[in-house]
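Notes to accompany the following structure.
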Amino acid sequence: MRMLLGIVCYSIATVFYTHAATNDSSKSSRSPKLGGTIVERKMNVDDDIATLQQAIVGTGNVPNSRLIIELMANRTYSQRMKLVDAYKTKTNGKSLDYDLYIATKHTARGDIRYYLLTTTDEILHGKIEESLDKSKDWAYMSILCTSAETRLKALNGFQYKKYENSKSYSLGKRIDKGLRQEEGRTLLNFLINPQPRLRPESGLDQSKVKDQAKLIPQDGNACKTSNNDLMMLMTKESFDQIKAVDEEYRRQNNNFSIVQQIDKVCTGDVREAYRRIVSYAVDPFGYFADEFYLGLTDRNHGWIRML
């Protein structure tokens with residue numbers, strides 16, 4: 001089981017890294033930088049197809065899923081699409097999608113083939129839909145609260161095909177349908193609304209930091225979405241800006257953090273969203289490490305969605 005878990009963890013994490021670089025801009029002041037760890041390298045399509053065919057057949061009719069995952073997860077999404085086309089040609093019309101599904105379906109819960117052959121934005125869109133259909137599953141919140149302009153635009157652009165009149169069924173309407181708390185609906189709809197702007201990928205205005213540190217709520221009423229200044233800070237400022245505000249707030253409050261203050265005075269969906277936004281801004285790798293651990297220990301977190 002440990003080996004299978006290791007295969008899945010490696011493959012899904014690597015798949016996300018080998019898609020286009022993350023939306024955390026290289027201009028960000030935060031360190032370490034987020035971004036793709038595997039870049040496109042030269043590949044020999046014929047050799048890759050031969051390796052895939054060998055791995056799919058495997059030994060004693062047992063597919064070599066580790067070899068499949070190691071090869072595919074070290075190719076970018078565009079390279080994998082080339083392999084899909086070449087595989088169909090070289091195997092007289094067989095589907096690499098289907099053959100990979102058959103070869104890897106035994107590895108663990110979750111469809112590894114789906115993650116290998118689907119764009120990151122489409123995966124995240126699907127997980128938002130799935131998460132909103134489940135109670136106590138915070139994947140939708142995690143995805144939206146850690147996204148900036150580029151990804152938010154992409155997520156806003158997807159069609160929710162499972163619903164009638166999908167052409168007019170927006171992400172905002174999906175949030176309204178899926179969330180019970182009005183404050184949560186208001187906050188997330190404001191976060192994804194391009195007006196007045198979407199969260200920028202990077203940027204820091206040091207001149208605003210001290211005043212913004214004063215916006216951190218001192219009581220529950222100040223947490224409410226009617227507090228527009230706080231909403232603007234949390235949903236429309238860059239993660240660089242929010243990290244700088246947290247540093248200033250700590251300096252003024254004997255190292256007491258914004259997340260600690262949010263946990264102390266805020267409640268419900270607002271607390272969940274604000275603490276995720278700030279946690280991710282301050283320490284993105286720590287944030288995802290926590291999410292991954294919670295996903296492994298609490299089925300309500302849906303650990304594959306967190307990856």
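Labels for the structure tokens follow display order: chains A, B, ..., residues from 1 in each chain, ligands from 1.
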
Taking only C-alpha atoms into account, produce a table as a tab-separated table in which each residue of region 110-186 of chain A with an atom at most 10 Å from an atom of region 251-268 of chain A appears once, together with its shortest atom pair and the distance in Å to one decimal, ordered by chain and rising number.
```
residue	atom	partner	partner_atom	distance
A:Gln181	CA	A:Gly268	CA	7.9
A:Glu183	CA	A:Gly268	CA	8.3
A:Gly184	CA	A:Gly268	CA	7.8
```

**Report entry** DSSP-assigned alpha helix (DSSP H) among region 211-279 of chain A, expressed as a VMD selection string
**Finding:** chain A and resid 211 to 213 220 to 223 228 to 236 239 to 252 258 to 265 268 to 279

Requested in this report: Name the residues in contact with region 146-154 of chain A at a cut-off of 9 Å, using only C-alpha atoms, excluding same-chain residues fewer than 5 positions from it; report them as a list in words.
Outcome: Thr22, Asn23, Asp24, Asp121, Glu122, His125, Met141, Leu191, Ile192, Asn193, Pro194, Arg197, Leu198, Arg199, Pro200, Glu201, Ser202, Lys236, Ser238, Phe239, Arg276, Ile277, Tyr280, Ala281 and Pro284 of chain A

Report summary line: Counting only C-alpha atoms, the residue among A:Val270, A:Arg66, A:Phe292, A:Ser142 that lies closest to Gly220 (chain A) is A:Val270

Report summary line: Across A:Tyr274, A:Tyr87, A:Trp138, A:Phe158, the smallest distance to Gly295 (chain A), with only C-alpha atoms counted, is shown by A:Trp138

Query raised in the report: Quick one: of A:Met234, A:Arg174, A:Thr89, A:Leu67, who's nearest to Ser131 (chain A), counting only C-alpha atoms?
Result: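 Selected residue with least distance to Ser131 (chain A): A:Arg174.
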
Query - Among listed residues A:Ser170, A:Gln212, A:Asn221, A:Thr104, nearest Val57 (chain A) (using only C-alpha atoms) - result: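 Result for the nearest residue to Val57 (chain A): A:Thr104.
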